[in-house]
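S.K.: Take this structure, written in structure tokens, and hold onto it; I'll ask about it next.
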Amino acid sequence: METMRIAVLGIGHPECGLPVIGALATYFGERPLELRLYDPDPELLDLYDRLARLAFKVTRSTHQLLANEDPTEALEDASRVVLQISSRSARAFVKQNGPKHRTIDDPVQFTIGELLAAVPLEARVLSLQCEPLEYPIGVFQVDGWPPRIEKALIPGVLHQIHRYLLDDEPLFDVFRDGEAAPLKGWLENPLAARFVSKVARP
């Protein structure tokens with residue numbers, strides 16, 4: 001059976017990274033998956049790549065997992081794209097790819113525009129962004145997932161990931177939440193999510 005190639009753009013997003021890894025680590029559909037993780041911040045990419053590998057080992061997942069520092073490589077032949085760019089990752093992207101003599105007022109909007117311009121025409125995109133944005137192509141959205149984290153608690157996410165990696169805490173909560181994640185239904189049928197032809201700023 002043909003492999004489904006999935007690019008996760010912005011795996012280091014503090015609200016989305018763990019839920020997405022939990023969903024993918026507990027996904028056992030009929031089609032094999034090839035997962036390409038991308039984040040413009042190399043530190044976050046390495047951290048979440050190590051976490052995903054641990055999660056897949058625990059669940060005995062046979063998905064192929066690749067960490068990509070180049071978004072073009074991550075998107076090559078992808079049939080599904082999960083978009084979740086954080087402000088930290090967007091700043092890293094602008095530093096690497098933005099115009100040298102112009103200030104970018106909204107790094108997240110700039111980064112999303114640049115990344116989505118490279119998405120293959122046949123790929124379906126699921127946006128997990130919570131802020132109002134303009135998308136250059138149509139995207140799917142799932143209302144209310146992943147659950148949002150209080151701003152004061154966001155810095156603790158990286159500490160929690162380190163505890164998982166050091167085996168100080170098991171990944172059971174991540175897997176439990178991943179079992180019912182809407183992302184899995186969208187992988188099987190994109191129409192399980194809401195299609196948005198364009199999201200404009202209010």
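Residue numbers start at 1 in each chain; chains themselves are named A, B, ... in the order of the structure tokens; ligands are numbered from 1 in the order shown.
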What's the 12 Å shell around A:Pro42, counting only C-alpha atoms, without same-chain residues fewer than 2 positions away, as a PyMOL selection string?
M.R.: chain A and resi 10-12+37-40+44-49+67-70+88-89+92-93+96
S.K.: Set the distance at 6 Å and use only C-alpha atoms: which residues neighbour stretch 141-150 of chain A once local chain neighbours fewer than 3 positions away are removed? I'd like the list as an MDAnalysis selection string.
M.R.: chainID A and resid 126:127 153 193:194
S.K.: Enumerate, in order of chain and increasing residue number, the residues of stretch 44-127 of chain A with an atom no farther than 8 Å from stretch 155-167 of chain A, each with its shortest atom pair and distance in Å to one decimal, counting only C-alpha atoms, as a tab-separated table.
M.R.:
```
residue	atom	partner	partner_atom	distance
A:Leu47	CA	A:Ile161	CA	8.0
A:Arg50	CA	A:Leu165	CA	7.6
A:Leu51	CA	A:Leu165	CA	6.4
A:Leu54	CA	A:Leu165	CA	7.5
```
S.K.: Keeping only N, CA, C and O atoms, take the residues you just selected and write them out as a PDB file, in the first residue's frame.
M.R.:
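Dumped to selection.pdb:
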```pdb
ATOM      1  N   LEU A  47      14.895  18.597  19.778  1.00  0.00           N
ATOM      2  CA  LEU A  47      14.186  18.170  20.982  1.00  0.00           C
ATOM      3  C   LEU A  47      12.934  17.359  20.639  1.00  0.00           C
ATOM      4  O   LEU A  47      12.710  16.268  21.182  1.00  0.00           O
ATOM      5  N   ARG A  50      13.694  13.926  19.022  1.00  0.00           N
ATOM      6  CA  ARG A  50      14.046  12.917  20.020  1.00  0.00           C
ATOM      7  C   ARG A  50      12.809  12.428  20.769  1.00  0.00           C
ATOM      8  O   ARG A  50      12.665  11.232  21.051  1.00  0.00           O
ATOM      9  N   LEU A  51      11.895  13.356  21.063  1.00  0.00           N
ATOM     10  CA  LEU A  51      10.670  12.963  21.754  1.00  0.00           C
ATOM     11  C   LEU A  51       9.817  12.055  20.868  1.00  0.00           C
ATOM     12  O   LEU A  51       9.279  11.042  21.335  1.00  0.00           O
ATOM     13  N   LEU A  54      11.249   8.576  20.754  1.00  0.00           N
ATOM     14  CA  LEU A  54      10.944   7.860  21.990  1.00  0.00           C
ATOM     15  C   LEU A  54       9.492   7.388  21.996  1.00  0.00           C
ATOM     16  O   LEU A  54       9.196   6.232  22.336  1.00  0.00           O
TER      17      LEU A  54
END
```
S.K.: To test your reading of the structure, identify every residue in stretch 1-184 of chain A that backbone DSSP assigns to strand (DSSP E or B), and report it as a list in words.
M.R.: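 Strand (DSSP E or B) assignments inside stretch 1-184 of chain A correspond to Met4, Arg5, Ile6, Ala7, Val8, Leu9, Leu33, Glu34, Leu35, Arg36, Leu37, Tyr38, Gln64, Leu65, Leu66, Ala67, Asn68, Arg80, Val81, Val82, Leu83, Arg124, Val125, Leu126, Ser127, Val139, Phe140 and Gln141 of chain A.
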S.K.: Which neighbours of A:Leu116 fall inside 9 Å, counting only C-alpha atoms, when residues of the same chain fewer than 2 positions from it are skipped, and could you give them as a PDB file with all heavy atoms, in the first residue's frame?
M.R.:
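Contents of around_11.pdb, as written:
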```pdb
ATOM      1  N   LEU A  83       0.259  22.362   9.820  1.00  0.00           N
ATOM      2  CA  LEU A  83       0.870  23.689   9.975  1.00  0.00           C
ATOM      3  C   LEU A  83       0.684  24.172  11.396  1.00  0.00           C
ATOM      4  O   LEU A  83      -0.457  24.268  11.879  1.00  0.00           O
ATOM      5  CB  LEU A  83       0.210  24.657   8.989  1.00  0.00           C
ATOM      6  CG  LEU A  83       0.698  26.096   8.990  1.00  0.00           C
ATOM      7  CD1 LEU A  83       2.127  26.172   8.460  1.00  0.00           C
ATOM      8  CD2 LEU A  83      -0.231  26.965   8.160  1.00  0.00           C
ATOM      9  N   THR A 111       6.064  33.836   7.718  1.00  0.00           N
ATOM     10  CA  THR A 111       6.557  32.457   7.647  1.00  0.00           C
ATOM     11  C   THR A 111       5.531  31.534   7.025  1.00  0.00           C
ATOM     12  O   THR A 111       5.858  30.706   6.157  1.00  0.00           O
ATOM     13  CB  THR A 111       6.931  31.961   9.057  1.00  0.00           C
ATOM     14  OG1 THR A 111       7.924  32.839   9.607  1.00  0.00           O
ATOM     15  CG2 THR A 111       7.463  30.540   9.026  1.00  0.00           C
ATOM     16  N   ILE A 112       4.277  31.671   7.432  1.00  0.00           N
ATOM     17  CA  ILE A 112       3.228  30.809   6.887  1.00  0.00           C
ATOM     18  C   ILE A 112       3.059  31.053   5.391  1.00  0.00           C
ATOM     19  O   ILE A 112       2.921  30.111   4.611  1.00  0.00           O
ATOM     20  CB  ILE A 112       1.907  31.041   7.655  1.00  0.00           C
ATOM     21  CG1 ILE A 112       2.019  30.378   9.025  1.00  0.00           C
ATOM     22  CG2 ILE A 112       0.713  30.499   6.886  1.00  0.00           C
ATOM     23  CD1 ILE A 112       0.864  30.648   9.939  1.00  0.00           C
ATOM     24  N   GLY A 113       3.095  32.298   4.976  1.00  0.00           N
ATOM     25  CA  GLY A 113       2.983  32.590   3.547  1.00  0.00           C
ATOM     26  C   GLY A 113       4.101  31.957   2.743  1.00  0.00           C
ATOM     27  O   GLY A 113       3.874  31.373   1.675  1.00  0.00           O
ATOM     28  N   GLU A 114       5.330  32.060   3.256  1.00  0.00           N
ATOM     29  CA  GLU A 114       6.483  31.478   2.558  1.00  0.00           C
ATOM     30  C   GLU A 114       6.400  29.957   2.513  1.00  0.00           C
ATOM     31  O   GLU A 114       6.669  29.333   1.478  1.00  0.00           O
ATOM     32  CB  GLU A 114       7.783  31.912   3.248  1.00  0.00           C
ATOM     33  CG  GLU A 114       8.079  33.399   3.153  1.00  0.00           C
ATOM     34  CD  GLU A 114       8.403  33.829   1.735  1.00  0.00           C
ATOM     35  OE1 GLU A 114       9.348  33.282   1.144  1.00  0.00           O
ATOM     36  OE2 GLU A 114       7.690  34.722   1.220  1.00  0.00           O
ATOM     37  N   ALA A 118       5.297  26.699  -0.898  1.00  0.00           N
ATOM     38  CA  ALA A 118       6.079  25.543  -1.341  1.00  0.00           C
ATOM     39  C   ALA A 118       5.332  24.219  -1.201  1.00  0.00           C
ATOM     40  O   ALA A 118       5.872  23.165  -1.525  1.00  0.00           O
ATOM     41  CB  ALA A 118       7.386  25.474  -0.545  1.00  0.00           C
ATOM     42  N   VAL A 119       4.081  24.265  -0.725  1.00  0.00           N
ATOM     43  CA  VAL A 119       3.307  23.030  -0.537  1.00  0.00           C
ATOM     44  C   VAL A 119       2.916  22.447  -1.897  1.00  0.00           C
ATOM     45  O   VAL A 119       2.448  23.184  -2.778  1.00  0.00           O
ATOM     46  CB  VAL A 119       2.043  23.324   0.304  1.00  0.00           C
ATOM     47  CG1 VAL A 119       1.086  22.142   0.295  1.00  0.00           C
ATOM     48  CG2 VAL A 119       2.434  23.670   1.731  1.00  0.00           C
ATOM     49  N   PRO A 120       3.094  21.137  -2.104  1.00  0.00           N
ATOM     50  CA  PRO A 120       2.666  20.526  -3.374  1.00  0.00           C
ATOM     51  C   PRO A 120       1.178  20.768  -3.640  1.00  0.00           C
ATOM     52  O   PRO A 120       0.365  20.819  -2.707  1.00  0.00           O
ATOM     53  CB  PRO A 120       2.941  19.030  -3.145  1.00  0.00           C
ATOM     54  CG  PRO A 120       4.004  18.988  -2.093  1.00  0.00           C
ATOM     55  CD  PRO A 120       3.738  20.167  -1.202  1.00  0.00           C
ATOM     56  N   VAL A 125      -3.774  20.584   3.614  1.00  0.00           N
ATOM     57  CA  VAL A 125      -3.118  21.270   4.731  1.00  0.00           C
ATOM     58  C   VAL A 125      -4.096  21.410   5.889  1.00  0.00           C
ATOM     59  O   VAL A 125      -5.214  21.902   5.719  1.00  0.00           O
ATOM     60  CB  VAL A 125      -2.621  22.672   4.304  1.00  0.00           C
ATOM     61  CG1 VAL A 125      -1.970  23.391   5.486  1.00  0.00           C
ATOM     62  CG2 VAL A 125      -1.646  22.570   3.140  1.00  0.00           C
ATOM     63  N   TYR A 135      -4.316  32.992   4.671  1.00  0.00           N
ATOM     64  CA  TYR A 135      -3.663  31.847   4.049  1.00  0.00           C
ATOM     65  C   TYR A 135      -3.696  32.019   2.540  1.00  0.00           C
ATOM     66  O   TYR A 135      -4.743  32.334   1.978  1.00  0.00           O
ATOM     67  CB  TYR A 135      -4.373  30.546   4.427  1.00  0.00           C
ATOM     68  CG  TYR A 135      -4.340  30.236   5.902  1.00  0.00           C
ATOM     69  CD1 TYR A 135      -5.402  30.591   6.724  1.00  0.00           C
ATOM     70  CD2 TYR A 135      -3.247  29.609   6.474  1.00  0.00           C
ATOM     71  CE1 TYR A 135      -5.379  30.305   8.071  1.00  0.00           C
ATOM     72  CE2 TYR A 135      -3.215  29.321   7.824  1.00  0.00           C
ATOM     73  CZ  TYR A 135      -4.285  29.668   8.619  1.00  0.00           C
ATOM     74  OH  TYR A 135      -4.248  29.397   9.964  1.00  0.00           O
ATOM     75  N   PRO A 136      -2.573  31.791   1.857  1.00  0.00           N
ATOM     76  CA  PRO A 136      -2.555  31.923   0.396  1.00  0.00           C
ATOM     77  C   PRO A 136      -3.228  30.764  -0.320  1.00  0.00           C
ATOM     78  O   PRO A 136      -3.487  30.838  -1.508  1.00  0.00           O
ATOM     79  CB  PRO A 136      -1.058  31.979   0.073  1.00  0.00           C
ATOM     80  CG  PRO A 136      -0.403  31.236   1.188  1.00  0.00           C
ATOM     81  CD  PRO A 136      -1.236  31.508   2.404  1.00  0.00           C
ATOM     82  N   ILE A 137      -3.496  29.676   0.406  1.00  0.00           N
ATOM     83  CA  ILE A 137      -4.191  28.514  -0.167  1.00  0.00           C
ATOM     84  C   ILE A 137      -5.258  28.072   0.819  1.00  0.00           C
ATOM     85  O   ILE A 137      -5.250  28.483   1.984  1.00  0.00           O
ATOM     86  CB  ILE A 137      -3.222  27.347  -0.463  1.00  0.00           C
ATOM     87  CG1 ILE A 137      -2.556  26.863   0.832  1.00  0.00           C
ATOM     88  CG2 ILE A 137      -2.182  27.746  -1.495  1.00  0.00           C
ATOM     89  CD1 ILE A 137      -1.702  25.614   0.659  1.00  0.00           C
TER      90      ILE A 137
END
```
S.K.: Quick one: residues within 8 Å of A:Lys184, only C-alpha atoms, excluding same-chain residues fewer than 6 positions away - as number ranges by chain?
M.R.: A: 23-24, 27
S.K.: Write a file of the just-selected residues containing N, CA, C and O atoms, as a PDB file, in the first residue's frame.
M.R.:
```
ATOM      1  N   ALA A  23      -0.782  11.929  18.821  1.00  0.00           N
ATOM      2  CA  ALA A  23      -1.714  11.409  17.814  1.00  0.00           C
ATOM      3  C   ALA A  23      -1.011  10.493  16.824  1.00  0.00           C
ATOM      4  O   ALA A  23      -1.495   9.409  16.493  1.00  0.00           O
ATOM      5  N   LEU A  24       0.154  10.910  16.349  1.00  0.00           N
ATOM      6  CA  LEU A  24       0.862  10.125  15.329  1.00  0.00           C
ATOM      7  C   LEU A  24       1.449   8.843  15.917  1.00  0.00           C
ATOM      8  O   LEU A  24       1.495   7.813  15.240  1.00  0.00           O
ATOM      9  N   TYR A  27      -1.323   6.292  16.006  1.00  0.00           N
ATOM     10  CA  TYR A  27      -2.044   6.099  14.738  1.00  0.00           C
ATOM     11  C   TYR A  27      -1.587   4.786  14.103  1.00  0.00           C
ATOM     12  O   TYR A  27      -0.407   4.595  13.826  1.00  0.00           O
TER      13      TYR A  27
END
```
S.K.: Quick one: pull the distance between atom CA of A:Gly185 and atom CA of A:Thr62, Å, one decimal.
M.R.: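 Atom-to-atom, atom CA of A:Gly185 and atom CA of A:Thr62 are spaced 18.9 Å apart.
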S.K.: Name the closest residue to A:Arg124 among the candidates A:Pro32, A:Pro99, A:Gly138, A:Pro107; distances are taken between atoms, counting only C-alpha atoms.
M.R.: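 Nearest candidate to A:Arg124 out of A:Pro32, A:Pro99, A:Gly138, A:Pro107: A:Gly138.
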S.K.: Once DSSP has gone over the backbone, tell me which residues of chain A are in alpha helix (DSSP H), as a PyMOL selection string.
M.R.: chain A and resi 17-25+42-58+71-75+87-97+107-116+156-165+172-179+182-188
S.K.: What's the 12 Å shell around A:Glu30, counting only C-alpha atoms, without same-chain residues fewer than 3 positions away, as number ranges by chain?
M.R.: A: 1-4, 27, 33, 62-63, 184, 187-188
S.K.: With only C-alpha atoms as the counted atoms, please give the residues lying no more than 12 Å from A:Glu179, apart from itself and same-chain residues fewer than 2 positions off, as an NGL selection string.
M.R.: :A and (19-28 or 59 or 172-177 or 181-185)
